[in-house]
file data31.cif (mmCIF, C-alpha atoms and all ligand atoms)
data_query
#
loop_
_atom_site.label_atom_id
_atom_site.label_comp_id
_atom_site.auth_asym_id
_atom_site.auth_seq_id
_atom_site.Cartn_x
_atom_site.Cartn_y
_atom_site.Cartn_z
CA MET E 1 15.34 -43.18 1.93
CA LYS E 2 18.09 -45.68 2.82
CA LYS E 3 17.94 -49.12 1.26
CA ILE E 4 19.23 -52.06 3.31
CA LEU E 5 19.52 -55.65 2.13
CA ILE E 6 18.88 -58.24 4.84
CA THR E 7 19.82 -61.75 3.73
CA GLY E 8 18.17 -64.79 5.35
CA GLY E 9 15.30 -62.61 6.55
CA ALA E 10 12.76 -65.45 6.35
CA GLY E 11 14.71 -67.54 8.88
CA PHE E 12 14.59 -67.52 12.66
CA ILE E 13 16.85 -64.58 13.61
CA GLY E 14 16.53 -62.85 10.23
CA SER E 15 12.76 -62.51 10.58
CA HIS E 16 13.19 -60.78 13.95
CA VAL E 17 15.79 -58.41 12.46
CA VAL E 18 13.58 -57.64 9.43
CA ARG E 19 10.57 -56.95 11.70
CA LEU E 20 12.62 -54.65 13.95
CA PHE E 21 14.07 -52.62 11.04
CA VAL E 22 10.81 -52.38 9.05
CA THR E 23 8.82 -51.15 12.05
CA LYS E 24 11.47 -49.01 13.77
CA TYR E 25 12.77 -47.30 10.61
CA PRO E 26 9.90 -46.28 8.30
CA ASN E 27 12.45 -44.16 6.40
CA TYR E 28 14.50 -47.25 5.44
CA HIS E 29 13.49 -49.60 2.67
CA ILE E 30 14.26 -53.18 3.68
CA VAL E 31 14.92 -55.74 0.95
CA ASN E 32 14.76 -59.29 2.32
CA LEU E 33 16.70 -61.76 0.16
CA ASP E 34 16.05 -65.40 1.00
CA LYS E 35 16.23 -68.70 -0.88
CA LEU E 36 13.41 -70.14 1.25
CA THR E 37 15.21 -73.36 2.10
CA TYR E 38 13.50 -75.73 4.59
CA ALA E 39 14.46 -73.15 7.27
CA GLY E 40 13.05 -70.10 5.48
CA ASN E 41 9.37 -69.38 5.98
CA LEU E 42 7.45 -66.31 4.80
CA ALA E 43 4.81 -67.04 7.46
CA ASN E 44 7.43 -65.68 9.91
CA LEU E 45 6.82 -62.20 8.45
CA LYS E 46 3.05 -62.19 7.88
CA ASP E 47 2.54 -59.20 10.17
CA ILE E 48 4.84 -56.88 8.18
CA GLN E 49 4.65 -58.28 4.64
CA ASP E 50 2.40 -55.46 3.34
CA LYS E 51 4.39 -52.56 4.79
CA PRO E 52 5.35 -50.03 2.08
CA ASN E 53 9.03 -50.04 3.16
CA TYR E 54 9.44 -53.84 2.73
CA THR E 55 10.26 -55.96 -0.34
CA PHE E 56 10.85 -59.72 -0.46
CA VAL E 57 13.14 -61.21 -3.12
CA LYS E 58 13.50 -64.98 -3.51
CA GLY E 59 17.02 -65.90 -4.56
CA ASP E 60 20.19 -67.82 -3.83
CA ILE E 61 23.36 -66.06 -2.63
CA VAL E 62 25.39 -68.87 -4.23
CA ASP E 63 24.33 -67.53 -7.66
CA ALA E 64 26.91 -64.76 -8.30
CA ASP E 65 25.16 -63.32 -11.39
CA PHE E 66 21.89 -63.02 -9.51
CA VAL E 67 23.60 -61.33 -6.55
CA ASN E 68 25.40 -58.82 -8.82
CA GLU E 69 22.14 -57.98 -10.62
CA LEU E 70 20.37 -57.45 -7.31
CA PHE E 71 23.04 -54.98 -6.15
CA THR E 72 22.85 -53.10 -9.49
CA LEU E 73 19.06 -52.96 -9.41
CA HIS E 74 18.59 -51.87 -5.81
CA LYS E 75 21.43 -49.36 -5.22
CA LEU E 76 21.88 -50.56 -1.66
CA ASP E 77 23.24 -48.46 1.21
CA GLY E 78 24.06 -51.44 3.36
CA VAL E 79 23.82 -55.19 3.89
CA ILE E 80 23.02 -57.18 7.03
CA HIS E 81 24.01 -60.72 6.13
CA LEU E 82 22.33 -63.57 8.02
CA ALA E 83 21.60 -66.11 5.24
CA ALA E 84 23.31 -69.37 6.11
CA GLU E 85 22.94 -73.06 6.62
CA SER E 86 22.75 -72.96 10.42
CA HIS E 87 22.29 -76.46 11.90
CA VAL E 88 25.40 -78.27 13.18
CA ASP E 89 23.90 -81.78 12.76
CA ARG E 90 23.04 -81.12 9.11
CA SER E 91 26.61 -79.87 8.53
CA ILE E 92 27.91 -83.24 9.74
CA SER E 93 25.85 -85.11 7.12
CA ASN E 94 26.23 -82.57 4.29
CA PRO E 95 29.26 -80.29 4.73
CA LEU E 96 29.47 -79.12 1.12
CA GLU E 97 26.12 -77.35 1.29
CA PHE E 98 27.55 -75.32 4.20
CA VAL E 99 30.64 -74.41 2.19
CA MET E 100 28.48 -73.31 -0.73
CA THR E 101 26.06 -71.06 1.16
CA ASN E 102 28.17 -69.91 4.10
CA VAL E 103 31.50 -69.40 2.31
CA ILE E 104 30.80 -68.97 -1.43
CA GLY E 105 27.53 -67.14 -0.78
CA THR E 106 29.27 -64.68 1.55
CA VAL E 107 32.11 -64.09 -0.95
CA ASN E 108 29.53 -63.47 -3.71
CA LEU E 109 27.91 -60.77 -1.56
CA LEU E 110 31.32 -59.25 -0.75
CA ASN E 111 32.27 -59.16 -4.46
CA ALA E 112 29.00 -57.48 -5.40
CA ALA E 113 29.46 -54.93 -2.60
CA LYS E 114 33.08 -54.28 -3.65
CA ASN E 115 32.08 -53.67 -7.26
CA GLN E 116 29.04 -51.52 -6.53
CA TRP E 117 30.43 -49.48 -3.66
CA LYS E 118 34.08 -48.98 -4.70
CA GLU E 119 33.68 -45.22 -5.37
CA ASN E 120 32.64 -44.59 -1.77
CA PHE E 121 33.11 -47.46 0.67
CA SER E 122 32.62 -45.26 3.72
CA ALA E 123 29.00 -44.51 2.74
CA HIS E 124 28.06 -48.21 2.71
CA ARG E 125 28.20 -50.86 5.39
CA PHE E 126 28.56 -54.66 5.18
CA TYR E 127 27.45 -56.30 8.45
CA HIS E 128 28.20 -60.00 8.77
CA VAL E 129 26.24 -61.92 11.43
CA SER E 130 28.31 -64.76 12.83
CA THR E 131 28.45 -67.20 15.72
CA ASP E 132 30.42 -67.90 18.89
CA GLU E 133 31.05 -71.43 17.56
CA VAL E 134 34.01 -70.08 15.52
CA TYR E 135 35.97 -69.87 18.82
CA GLY E 136 35.67 -73.61 19.47
CA SER E 137 34.98 -75.13 22.86
CA LEU E 138 35.74 -73.97 26.42
CA GLY E 139 36.71 -75.99 29.51
CA GLU E 140 34.99 -75.36 32.83
CA THR E 141 36.21 -71.75 33.11
CA GLY E 142 36.84 -68.70 30.91
CA MET E 143 34.78 -66.93 28.25
CA PHE E 144 35.11 -66.10 24.57
CA THR E 145 36.26 -62.52 23.95
CA GLU E 146 36.69 -60.76 20.61
CA THR E 147 40.39 -61.70 20.63
CA THR E 148 39.96 -65.43 21.33
CA ALA E 149 41.70 -67.42 18.57
CA TYR E 150 39.44 -69.18 16.08
CA ASP E 151 39.25 -72.96 16.63
CA PRO E 152 36.13 -74.32 14.89
CA HIS E 153 35.30 -78.03 15.15
CA SER E 154 32.17 -78.72 13.11
CA PRO E 155 31.76 -78.21 9.35
CA TYR E 156 29.17 -75.52 10.26
CA SER E 157 31.53 -73.55 12.50
CA ALA E 158 34.43 -74.03 10.06
CA SER E 159 32.30 -72.54 7.27
CA LYS E 160 31.26 -69.59 9.47
CA ALA E 161 34.90 -69.05 10.54
CA SER E 162 35.93 -69.02 6.89
CA SER E 163 33.23 -66.48 6.03
CA ASP E 164 34.38 -64.25 8.93
CA HIS E 165 37.95 -64.37 7.58
CA PHE E 166 36.75 -63.35 4.10
CA VAL E 167 34.80 -60.39 5.50
CA ARG E 168 37.90 -59.17 7.39
CA ALA E 169 40.05 -59.77 4.31
CA TYR E 170 37.74 -57.60 2.15
CA HIS E 171 37.90 -54.85 4.77
CA ASP E 172 41.69 -55.01 5.07
CA THR E 173 42.45 -55.51 1.35
CA TYR E 174 39.82 -53.45 -0.48
CA GLY E 175 38.63 -51.05 2.21
CA ILE E 176 35.02 -52.27 2.47
CA ASP E 177 33.32 -50.89 5.60
CA ALA E 178 32.68 -54.20 7.34
CA VAL E 179 31.60 -55.17 10.86
CA ILE E 180 31.11 -58.62 12.38
CA SER E 181 29.27 -59.89 15.44
CA ASN E 182 29.60 -63.33 17.03
CA CYS E 183 26.57 -64.34 19.06
CA SER E 184 25.76 -67.21 21.41
CA ASN E 185 22.72 -69.55 21.16
CA ASN E 186 19.45 -67.74 20.47
CA TYR E 187 15.97 -68.84 21.55
CA GLY E 188 12.48 -67.44 21.02
CA SER E 189 9.57 -67.58 18.57
CA HIS E 190 9.85 -68.88 14.97
CA HIS E 191 12.83 -71.13 15.81
CA PHE E 192 12.93 -74.16 13.51
CA PRO E 193 12.17 -77.35 15.51
CA GLU E 194 15.43 -79.12 14.58
CA LYS E 195 17.21 -77.07 17.29
CA LEU E 196 17.20 -78.20 20.95
CA ILE E 197 14.58 -75.87 22.49
CA PRO E 198 11.83 -75.87 19.81
CA LEU E 199 12.40 -79.59 19.11
CA SER E 200 11.91 -80.37 22.80
CA ILE E 201 8.79 -78.17 23.05
CA HIS E 202 7.33 -79.95 20.02
CA ASN E 203 8.15 -83.41 21.42
CA ILE E 204 6.93 -82.68 24.96
CA LYS E 205 3.65 -81.39 23.55
CA ASN E 206 3.24 -84.59 21.53
CA ASN E 207 4.44 -86.94 24.30
CA LYS E 208 7.47 -87.98 22.25
CA SER E 209 10.91 -88.67 23.68
CA ILE E 210 13.28 -85.71 24.21
CA PRO E 211 16.64 -86.74 22.68
CA ILE E 212 19.60 -85.58 24.78
CA TYR E 213 23.01 -86.05 23.18
CA GLY E 214 25.69 -87.77 25.29
CA THR E 215 25.46 -87.02 29.00
CA GLY E 216 23.52 -83.75 28.70
CA GLU E 217 26.37 -81.93 30.45
CA ASN E 218 27.30 -79.74 27.45
CA ILE E 219 26.83 -76.05 28.18
CA ARG E 220 25.32 -73.33 25.98
CA ASP E 221 24.87 -69.61 26.69
CA TRP E 222 21.29 -68.64 25.75
CA LEU E 223 20.09 -65.25 24.49
CA TRP E 224 16.53 -64.05 23.74
CA VAL E 225 16.39 -63.61 19.94
CA GLU E 226 14.87 -60.11 20.15
CA ASP E 227 17.87 -59.03 22.27
CA HIS E 228 20.12 -60.28 19.46
CA ALA E 229 18.09 -58.25 16.93
CA ARG E 230 18.48 -55.12 19.11
CA ALA E 231 22.22 -55.71 19.33
CA ILE E 232 22.41 -55.97 15.53
CA ASP E 233 20.55 -52.65 15.24
CA VAL E 234 23.00 -50.93 17.62
CA ILE E 235 26.10 -52.42 15.97
CA TYR E 236 24.90 -51.67 12.43
CA HIS E 237 24.40 -48.02 13.31
CA GLN E 238 27.20 -47.32 15.80
CA ALA E 239 30.16 -49.69 15.36
CA LYS E 240 33.40 -48.33 13.95
CA THR E 241 34.43 -49.86 10.65
CA GLY E 242 36.43 -53.09 10.93
CA THR E 243 35.25 -53.90 14.46
CA THR E 244 33.92 -57.12 15.95
CA TYR E 245 31.49 -57.48 18.85
CA ASN E 246 30.56 -60.57 20.86
CA ILE E 247 26.88 -60.82 21.79
CA GLY E 248 25.59 -62.99 24.65
CA GLY E 249 23.37 -63.03 27.69
CA HIS E 250 25.65 -64.36 30.50
CA ASN E 251 23.21 -67.21 30.72
CA GLU E 252 24.93 -70.59 30.77
CA TRP E 253 22.93 -73.80 31.13
CA THR E 254 23.81 -77.47 30.82
CA ASN E 255 21.45 -79.03 28.29
CA ILE E 256 19.96 -81.33 30.90
CA ASP E 257 19.23 -78.53 33.40
CA LEU E 258 17.65 -76.47 30.63
CA ILE E 259 15.43 -79.38 29.60
CA HIS E 260 14.34 -79.95 33.21
CA LEU E 261 13.34 -76.26 33.46
CA LEU E 262 11.49 -76.52 30.15
CA CYS E 263 9.68 -79.68 31.33
CA LYS E 264 8.64 -77.89 34.53
CA ILE E 265 7.22 -74.94 32.56
CA MET E 266 5.41 -77.27 30.16
CA ASP E 267 3.94 -79.44 32.93
CA LYS E 268 2.21 -76.30 34.22
CA LYS E 269 1.08 -75.10 30.77
CA LEU E 270 -0.25 -78.53 29.78
CA ASN E 271 -1.83 -79.22 33.19
CA ARG E 272 0.38 -82.25 33.73
CA ALA E 273 1.55 -83.52 37.10
CA GLU E 274 4.98 -82.14 38.03
CA GLY E 275 7.66 -84.49 36.67
CA GLU E 276 5.44 -85.94 33.93
CA SER E 277 7.19 -84.31 30.94
CA ALA E 278 10.68 -85.08 32.31
CA LYS E 279 9.87 -88.81 31.93
CA LEU E 280 10.27 -88.21 28.18
CA ILE E 281 14.00 -87.42 28.53
CA THR E 282 16.03 -90.00 26.58
CA TYR E 283 19.80 -90.07 26.30
CA VAL E 284 20.93 -90.77 22.72
CA LYS E 285 24.25 -91.15 20.89
CA ASP E 286 26.37 -88.00 21.18
CA ARG E 287 26.90 -85.50 18.36
CA ALA E 288 30.24 -86.10 16.62
CA GLY E 289 32.81 -83.47 17.68
CA HIS E 290 30.32 -82.07 20.20
CA ASP E 291 31.67 -78.79 21.66
CA HIS E 292 31.60 -78.95 25.46
CA ARG E 293 30.96 -75.36 26.50
CA TYR E 294 30.26 -71.92 25.00
CA ALA E 295 30.27 -68.72 27.08
CA ILE E 296 30.36 -65.21 25.67
CA ASP E 297 31.95 -62.15 27.22
CA SER E 298 29.85 -59.30 25.77
CA SER E 299 31.35 -56.55 27.97
CA LYS E 300 32.84 -54.71 24.96
CA LEU E 301 29.37 -54.29 23.43
CA GLN E 302 27.86 -53.33 26.79
CA LYS E 303 30.57 -50.75 27.58
CA GLU E 304 31.09 -49.22 24.14
CA LEU E 305 27.57 -49.26 22.69
CA GLY E 306 25.40 -49.53 25.81
CA TRP E 307 23.54 -52.72 24.80
CA VAL E 308 22.19 -54.95 27.59
CA PRO E 309 20.09 -58.12 27.41
CA SER E 310 16.49 -57.47 28.48
CA LEU E 311 14.96 -60.78 29.58
CA GLN E 312 15.64 -63.29 32.34
CA PHE E 313 15.83 -66.84 30.97
CA GLU E 314 12.83 -68.35 32.76
CA GLU E 315 10.63 -65.46 31.57
CA GLY E 316 11.93 -65.78 28.00
CA LEU E 317 11.50 -69.55 27.99
CA THR E 318 7.92 -69.22 29.27
CA LYS E 319 7.15 -66.68 26.52
CA THR E 320 8.69 -69.05 23.98
CA VAL E 321 6.58 -72.00 25.17
CA ASP E 322 3.46 -69.78 25.02
CA TRP E 323 4.29 -68.78 21.45
CA TYR E 324 4.62 -72.42 20.31
CA LEU E 325 1.45 -73.51 22.11
CA ASN E 326 -0.47 -70.59 20.54
CA ASN E 327 0.91 -71.18 17.05
CA GLU E 328 0.12 -74.81 16.38
CA ALA E 329 -0.51 -74.18 12.68
CA TRP E 330 3.01 -72.75 12.24
CA LEU E 331 4.52 -75.77 14.00
CA SER E 332 2.49 -78.39 12.15
CA ASN E 333 3.26 -76.69 8.82
CA VAL E 334 7.04 -76.84 9.34
CA THR E 335 7.00 -80.36 10.81
CA SER E 336 5.11 -81.98 7.94
CA GLY E 337 6.79 -83.41 4.83
CA ASP E 338 10.59 -83.24 4.72
CA TYR E 339 10.91 -82.69 8.48
CA LYS E 340 9.69 -86.24 9.10
CA LYS E 341 12.40 -87.66 6.82
CA TYR E 342 15.05 -85.51 8.52
CA TYR E 343 13.88 -86.60 11.97
CA GLU E 344 13.97 -90.30 11.13
CA THR E 345 17.50 -90.09 9.73
CA GLN E 346 18.79 -87.99 12.60
CA TYR E 347 17.22 -89.81 15.53
CA VAL E 348 15.77 -93.18 14.62
CA LYS E 349 18.17 -94.85 12.20
CA ARG E 350 21.35 -94.27 14.22
P1 LIG E 401 17.97 -70.21 9.99
O1 LIG E 401 18.48 -71.52 9.50
O2 LIG E 401 16.75 -70.17 10.82
O3 LIG E 401 17.73 -69.23 8.76
C1 LIG E 401 18.61 -69.13 7.68
C2 LIG E 401 17.90 -68.43 6.54
O4 LIG E 401 18.83 -68.33 5.43
C3 LIG E 401 16.68 -69.19 6.02
O5 LIG E 401 15.59 -68.32 5.85
C4 LIG E 401 17.14 -69.75 4.69
O6 LIG E 401 16.09 -69.91 3.74
C5 LIG E 401 18.16 -68.71 4.24
N1 LIG E 401 19.15 -69.26 3.30
C6 LIG E 401 19.84 -70.42 3.45
N2 LIG E 401 20.63 -70.63 2.36
C7 LIG E 401 20.44 -69.56 1.55
C8 LIG E 401 20.99 -69.19 0.28
N3 LIG E 401 21.88 -69.98 -0.35
N4 LIG E 401 20.60 -68.03 -0.28
C9 LIG E 401 19.68 -67.23 0.36
N5 LIG E 401 19.11 -67.54 1.53
C10 LIG E 401 19.49 -68.69 2.13
O7 LIG E 401 19.21 -69.56 10.75
P2 LIG E 401 19.24 -68.62 12.05
O8 LIG E 401 19.30 -69.46 13.24
O9 LIG E 401 18.19 -67.58 11.91
O10 LIG E 401 20.69 -67.94 11.86
C11 LIG E 401 20.84 -66.77 11.09
C12 LIG E 401 22.29 -66.36 11.11
O11 LIG E 401 22.71 -66.12 12.43
C13 LIG E 401 23.23 -67.42 10.55
O12 LIG E 401 24.23 -66.76 9.81
C14 LIG E 401 23.81 -68.08 11.78
O13 LIG E 401 25.10 -68.58 11.51
C15 LIG E 401 23.85 -66.93 12.76
N6 LIG E 401 23.72 -67.28 14.17
C16 LIG E 401 22.72 -68.07 14.63
C17 LIG E 401 22.59 -68.33 15.98
C18 LIG E 401 21.45 -69.18 16.54
O14 LIG E 401 21.45 -69.47 17.74
N7 LIG E 401 20.48 -69.58 15.75
C19 LIG E 401 23.51 -67.78 16.88
C20 LIG E 401 24.56 -66.99 16.39
C21 LIG E 401 24.64 -66.73 15.03
O1 LIG E 402 26.21 -70.91 19.55
C1 LIG E 402 25.54 -70.40 18.44
C2 LIG E 402 24.99 -71.53 17.60
O2 LIG E 402 23.90 -72.10 18.33
C3 LIG E 402 24.53 -71.09 16.22
O3 LIG E 402 25.64 -70.61 15.50
C4 LIG E 402 23.87 -72.25 15.47
O4 LIG E 402 23.37 -71.80 14.22
C5 LIG E 402 22.72 -72.77 16.31
O5 LIG E 402 22.14 -73.89 15.67
C6 LIG E 402 23.21 -73.16 17.71
O6 LIG E 402 24.07 -74.34 17.64
P1 LIG E 402 24.01 -75.52 18.72
O7 LIG E 402 24.56 -76.73 18.10
O8 LIG E 402 24.55 -75.08 20.02
O9 LIG E 402 22.39 -75.61 18.86
P2 LIG E 402 21.41 -76.89 18.95
O10 LIG E 402 20.06 -76.38 19.33
O11 LIG E 402 21.51 -77.76 17.75
O12 LIG E 402 22.00 -77.71 20.20
C7 LIG E 402 22.09 -77.11 21.48
C8 LIG E 402 22.71 -78.15 22.41
O13 LIG E 402 21.77 -79.23 22.58
C9 LIG E 402 23.98 -78.79 21.88
O14 LIG E 402 24.86 -79.06 22.96
C10 LIG E 402 23.50 -80.10 21.26
C11 LIG E 402 22.32 -80.48 22.14
N1 LIG E 402 21.23 -81.22 21.47
C12 LIG E 402 20.72 -80.72 20.31
C13 LIG E 402 19.70 -81.37 19.65
C14 LIG E 402 19.16 -80.84 18.35
C15 LIG E 402 20.70 -82.37 22.06
O15 LIG E 402 21.15 -82.80 23.13
N2 LIG E 402 19.68 -83.01 21.40
C16 LIG E 402 19.16 -82.57 20.23
O16 LIG E 402 18.23 -83.22 19.68
#
call {"tool": "encode", "arguments": {"input": "data31.cif", "output": "structure tokens", "more": "lines below"}}
Ligand code: NAD
Ligand code: DAU
result
Amino acid sequence: MKKILITGGAGFIGSHVVRLFVTKYPNYHIVNLDKLTYAGNLANLKDIQDKPNYTFVKGDIVDADFVNELFTLHKLDGVIHLAAESHVDRSISNPLEFVMTNVIGTVNLLNAAKNQWKENFSAHRFYHVSTDEVYGSLGETGMFTETTAYDPHSPYSASKASSDHFVRAYHDTYGIDAVISNCSNNYGSHHFPEKLIPLSIHNIKNNKSIPIYGTGENIRDWLWVEDHARAIDVIYHQAKTGTTYNIGGHNEWTNIDLIHLLCKIMDKKLNRAEGESAKLITYVKDRAGHDHRYAIDSSKLQKELGWVPSLQFEEGLTKTVDWYLNNEAWLSNVTSGDYKKYYETQYVKR
């Protein structure tokens, strides 16, 4: 039985990756390592928590001794590393936390892998899950490819860029079998409501204003989270060592157009008159260093490994709205307590 460590498995994307691997590969044992920060939530994995091929470990990747002990104890075959501080706005108010988890935490995992696997690197794989934000911001045309130069602008993207460089350095210097993917914006169920789509769903439902940064003309390229999880599965199993793949859905939207579509879907779901939810749109102060446009060219992944996105955006967004409306307890649990303090600091006291 193969043993794979998935870090950050209690978060948004991580929980979808854990679910896919635990259910699709009964002959793998999946160890989910997560610190359970505000973004980590074991309720995301309720449906698979009792499976015999699944173990949860609470721990911090910044703690090098703990990470080394975990690698010694579990004799891992591979790692899929998603644990990170992931929200750009939080990185602007607290950059050091992003350096600790995203950079130091990644290097701790690489060191443990180097020490444990040095006799046979080719039998073990280190898969680092990264973001398209490392490439910076695009103008009106062009797309990010795997060879686009790194040009991060936020503390979050700078920390992810740094972690990518360390992963490549450990491959080139020590021979670790490492692969990296850089994905565009994900959406779907279990997304923490600090990010644009779940925050807007939550606010529309509660008749609260929808905060749009700047002019709303910034562009993001949205991908259904389960399509990202499927891409990770394909890349983990089929990519050649040392390679990088971009993942994205060819699905660019300005923030304001996306929010209008979301309002339209929610008007129907909530039996509101058409145009009612859009009245909640409120333009607020722009994000500092706000990247204008992201767009991913994922043709390398499509051609070489045969991955294709499965869902059209409107269908995926409707499914996402349904999930949030049917999971009120999940939403009210994560928006109580600290969330309220975060929200006030981010949006009210500007
Ligand atoms: P998330 O914030 O929802 O989840 C992150 C998880 O990591 C949480 O469960 C959290 O508890 C855990 N974690 C944080 N610090 C930790 C630490 N020190 N030790 C152990 N666990 C810790 O993030 P997400 O949106 O699911 O993103 C997952 C990964 O995918 C990140 O590496 C992110 O950079 C990358 N990514 C995200 C997106 C996106 O659109 N969300 C797109 C591309 C890439
Ligand atoms: O591109 C991949 C990245 O996508 C991931 O690496 C990050 O982890 C993930 O958080 C996401 O980053 P973004 O900054 O693009 O996502 P966010 O949902 O925070 O914002 C999406 C867009 O919406 C962005 O242009 C900022 C804008 N926005 C966001 C919030 C939270 C608003 O206008 N208002 C808001 O309240």
call {"tool": "atom_distance", "arguments": {"input": "data31.cif", "atom1": "atom C20 of ligand LIG 401 (chain E)", "atom2": "atom CA of Asn182 of chain E"}}
result
6.3 Å
call {"tool": "residues_near_ligand", "arguments": {"input": "data31.cif", "ligand": "ligand LIG 401 (chain E)", "cutoff": "6 Å", "atoms": "only C-alpha atoms and all ligand atoms", "output": "PyMOL selection string"}}
result
chain E and resi 8-14+34-37+39-40+59-62+82-86+101+129-131+183-186
call {"tool": "residues_near_point", "arguments": {"input": "data31.cif", "point": "(3.5, -56.7, 9.7)", "cutoff": "12 Å", "atoms": "all atoms listed in the file", "output": "list in words"}}
result
Ser15, His16, Val18, Arg19, Leu20, Phe21, Val22, Thr23, Lys24, Leu42, Ala43, Asn44, Leu45, Lys46, Asp47, Ile48, Gln49, Asp50, Lys51, Pro52, Asn53 and Tyr54 of chain E
call {"tool": "residues_around", "arguments": {"input": "data31.cif", "residues": "segment 282-294 of chain E", "least_positions_apart": "2", "cutoff": "6 Å", "atoms": "all atoms listed in the file", "output": "number ranges by chain"}}
result
E: 137-138, 210-214, 218-220
call {"tool": "closest_residue", "arguments": {"input": "data31.cif", "among": "E:Ile247, E:Met266, E:Val103, E:Ile4", "to": "Ala229 of chain E", "atoms": "only C-alpha atoms"}}
result
E:Ile247
call {"tool": "axis_aligned_box", "arguments": {"input": "data31.cif", "around": "ligand LIG 402 (chain E)", "padding_each_side": "8 Å", "output": "lines of an AutoDock Vina configuration file"}}
result
center_x = 22.2
center_y = -76.8
center_z = 18.7
size_x = 24.0
size_y = 28.8
size_z = 24.9
call {"tool": "closest_residue", "arguments": {"input": "data31.cif", "among": "E:His250, E:Lys268, E:Lys279, E:His237", "to": "Phe313 of chain E", "atoms": "only C-alpha atoms"}}
result
E:His250
call {"tool": "atom_distance", "arguments": {"input": "data31.cif", "atom1": "atom CA of Gly175 of chain E", "atom2": "atom CA of Gly242 of chain E"}}
result
9.2 Å
call {"tool": "atom_distance", "arguments": {"input": "data31.cif", "atom1": "atom CA of Val234 of chain E", "atom2": "atom CA of Val179 of chain E"}}
result
11.7 Å
call {"tool": "residues_around", "arguments": {"input": "data31.cif", "residues": "Thr243 of chain E", "least_positions_apart": "2", "cutoff": "9 Å", "atoms": "all atoms listed in the file", "output": "ChimeraX atom specification"}}
result
/E:178-181,239-241,245
call {"tool": "closest_residue", "arguments": {"input": "data31.cif", "among": "E:Arg90, E:His74, E:His81, E:His165", "to": "His128 of chain E", "atoms": "only C-alpha atoms"}}
result
E:His81
call {"tool": "closest_residue", "arguments": {"input": "data31.cif", "among": "E:Val99, E:Leu73, E:Val167, E:Ile104", "to": "Gln116 of chain E", "atoms": "only C-alpha atoms"}}
result
E:Leu73
call {"tool": "closest_residue", "arguments": {"input": "data31.cif", "among": "E:Ser277, E:Asn326, E:Ser310, E:Thr254", "to": "ligand LIG 402 (chain E)", "atoms": "all atoms listed in the file"}}
result
E:Thr254
call {"tool": "residues_around", "arguments": {"input": "data31.cif", "residues": "Leu258 of chain E", "least_positions_apart": "3", "cutoff": "12 Å", "atoms": "all atoms listed in the file", "output": "MDAnalysis selection string"}}
result
chainID E and resid 187 196:197 200:201 212 216:222 251:255 261:265 278 281 313:314 317
call {"tool": "closest_residue", "arguments": {"input": "data31.cif", "among": "E:Asn41, E:Ser162, E:Ser299, E:His202", "to": "Asp322 of chain E", "atoms": "only C-alpha atoms"}}
result
E:His202
call {"tool": "decode", "arguments": {"input": "data31.cif", "residues": "segment 255-266 of chain E", "atoms": "N, CA and C atoms", "output": "PDB file, in the first residue's frame"}}
result
ATOM      1  N   ASN E 255     -14.312  41.032 -12.550  1.00  0.00           N
ATOM      2  CA  ASN E 255     -15.004  40.803 -11.276  1.00  0.00           C
ATOM      3  C   ASN E 255     -16.453  41.286 -11.340  1.00  0.00           C
ATOM      4  N   ILE E 256     -16.669  42.424 -11.988  1.00  0.00           N
ATOM      5  CA  ILE E 256     -18.021  42.992 -11.977  1.00  0.00           C
ATOM      6  C   ILE E 256     -18.986  42.149 -12.825  1.00  0.00           C
ATOM      7  N   ASP E 257     -18.503  41.625 -13.963  1.00  0.00           N
ATOM      8  CA  ASP E 257     -19.374  40.761 -14.769  1.00  0.00           C
ATOM      9  C   ASP E 257     -19.705  39.469 -14.010  1.00  0.00           C
ATOM     10  N   LEU E 258     -18.688  38.942 -13.343  1.00  0.00           N
ATOM     11  CA  LEU E 258     -18.908  37.710 -12.566  1.00  0.00           C
ATOM     12  C   LEU E 258     -19.967  37.949 -11.484  1.00  0.00           C
ATOM     13  N   ILE E 259     -19.853  39.083 -10.793  1.00  0.00           N
ATOM     14  CA  ILE E 259     -20.800  39.360  -9.705  1.00  0.00           C
ATOM     15  C   ILE E 259     -22.216  39.577 -10.255  1.00  0.00           C
ATOM     16  N   HIS E 260     -22.320  40.193 -11.435  1.00  0.00           N
ATOM     17  CA  HIS E 260     -23.659  40.341 -12.035  1.00  0.00           C
ATOM     18  C   HIS E 260     -24.257  38.967 -12.365  1.00  0.00           C
ATOM     19  N   LEU E 261     -23.439  38.043 -12.882  1.00  0.00           N
ATOM     20  CA  LEU E 261     -23.935  36.688 -13.174  1.00  0.00           C
ATOM     21  C   LEU E 261     -24.364  36.004 -11.875  1.00  0.00           C
ATOM     22  N   LEU E 262     -23.537  36.146 -10.846  1.00  0.00           N
ATOM     23  CA  LEU E 262     -23.857  35.535  -9.555  1.00  0.00           C
ATOM     24  C   LEU E 262     -25.170  36.102  -9.003  1.00  0.00           C
ATOM     25  N   CYS E 263     -25.339  37.424  -9.118  1.00  0.00           N
ATOM     26  CA  CYS E 263     -26.572  38.059  -8.619  1.00  0.00           C
ATOM     27  C   CYS E 263     -27.794  37.519  -9.367  1.00  0.00           C
ATOM     28  N   LYS E 264     -27.616  37.320 -10.675  1.00  0.00           N
ATOM     29  CA  LYS E 264     -28.733  36.806 -11.493  1.00  0.00           C
ATOM     30  C   LYS E 264     -29.122  35.401 -11.020  1.00  0.00           C
ATOM     31  N   ILE E 265     -28.104  34.558 -10.811  1.00  0.00           N
ATOM     32  CA  ILE E 265     -28.367  33.181 -10.349  1.00  0.00           C
ATOM     33  C   ILE E 265     -29.048  33.220  -8.977  1.00  0.00           C
ATOM     34  N   MET E 266     -28.564  34.116  -8.104  1.00  0.00           N
ATOM     35  CA  MET E 266     -29.104  34.133  -6.737  1.00  0.00           C
ATOM     36  C   MET E 266     -30.498  34.757  -6.674  1.00  0.00           C
TER      37      MET E 266
END
